[in-house]
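Following: one structure in structure tokens, then a few remarks.
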Amino acid sequence: MAIIVNLDVMMAKRKMSLNELSDKVGLTLSNLSILKTGKAKAIRFSTLEAICNVLECQPSDILEYVNDQQKTTDL
């Protein structure tokens with residue numbers, strides 16, 4: 001099971017830097033960077049809500065589920 005974080009994709013679509021998103025959402029750069037690189041183990045709904053509000057998107061635009069079989073057949 002894998003959850004893919006597409007935060008960088010949405011930020012690029014909105015032409016928003018990590019610094020700008022950090023300021024608008026109220027999270028530290030390091031926490032947003034951990035999320036953006038897919039190293040986060042969890043995300044609070046309030047954080048996800050704030051990111052979606054700023055980026056004007058849905059949670060599914062940021063988070064994507066890919067099962068293990070899909071990942072191995074794609075390689």
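Naming scheme: A, B, ... for chains in displayed order of the structure tokens; residues 1 onward per chain; ligands 1 onward as shown.
Contact shell of region 29-39 of chain A at 8 Å (only C-alpha atoms; same-chain neighbours under 6 positions omitted): A:Ile4, A:Val5, A:Asn6, A:Leu7, A:Asp8, A:Leu18, A:Asn19, A:Ser22.
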Any chance you could list, as a list in words, the residues in chain A that come up strand (DSSP E or B) when DSSP is run on the backbone?
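Output for chain A, strand (DSSP E or B) only: Ala2, Ile3, Ile4, Val5, Leu63, Glu64, Tyr65 and Val66 of chain A.
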Saved selection, atoms kept: C-alpha atoms, as a PDB file, in the first residue's frame:
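Listing of part33.pdb after writing:
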ATOM      1  CA  ALA A   2       1.284   3.453  -0.853  1.00  0.00           C
ATOM      2  CA  ILE A   3      -0.078   6.921  -0.528  1.00  0.00           C
ATOM      3  CA  ILE A   4       1.488   9.269  -3.059  1.00  0.00           C
ATOM      4  CA  VAL A   5       1.664  12.955  -2.132  1.00  0.00           C
ATOM      5  CA  LEU A  63      -3.205  12.517  -1.998  1.00  0.00           C
ATOM      6  CA  GLU A  64      -3.343   9.449  -4.245  1.00  0.00           C
ATOM      7  CA  TYR A  65      -3.587   5.776  -3.311  1.00  0.00           C
ATOM      8  CA  VAL A  66      -1.618   3.214  -5.316  1.00  0.00           C
TER       9      VAL A  66
END
Apply DSSP to the structure's backbone, then extract all residues of region 10-59 of chain A labelled helix (DSSP H, G or I) and return them as a count of residues only.
32
Record the distance separating CA of Ser46 (chain A) and CA of Val25 (chain A), expressed in Å with one decimal.
10.2 Å
In Å and to one decimal, CA of Cys52 (chain A) is distant from CA of Lys24 (chain A) by 11.2 Å
Best match for closeness to Asp23 (chain A) among A:Val54, A:Pro59, A:Arg44, A:Glu49, counting only C-alpha atoms:
A:Val54
Closest of A:Ala42, A:Leu55, A:Gln69, A:Asp61 to Lys15 (chain A) - atom-to-atom distances counting only C-alpha atoms:
A:Leu55
Have a look at CA of Lys13 (chain A) and CA of Asn67 (chain A) and let me know their distance in Å, one decimal.
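Atom-to-atom, CA of Lys13 (chain A) to CA of Asn67 (chain A), that is 25.7 Å.
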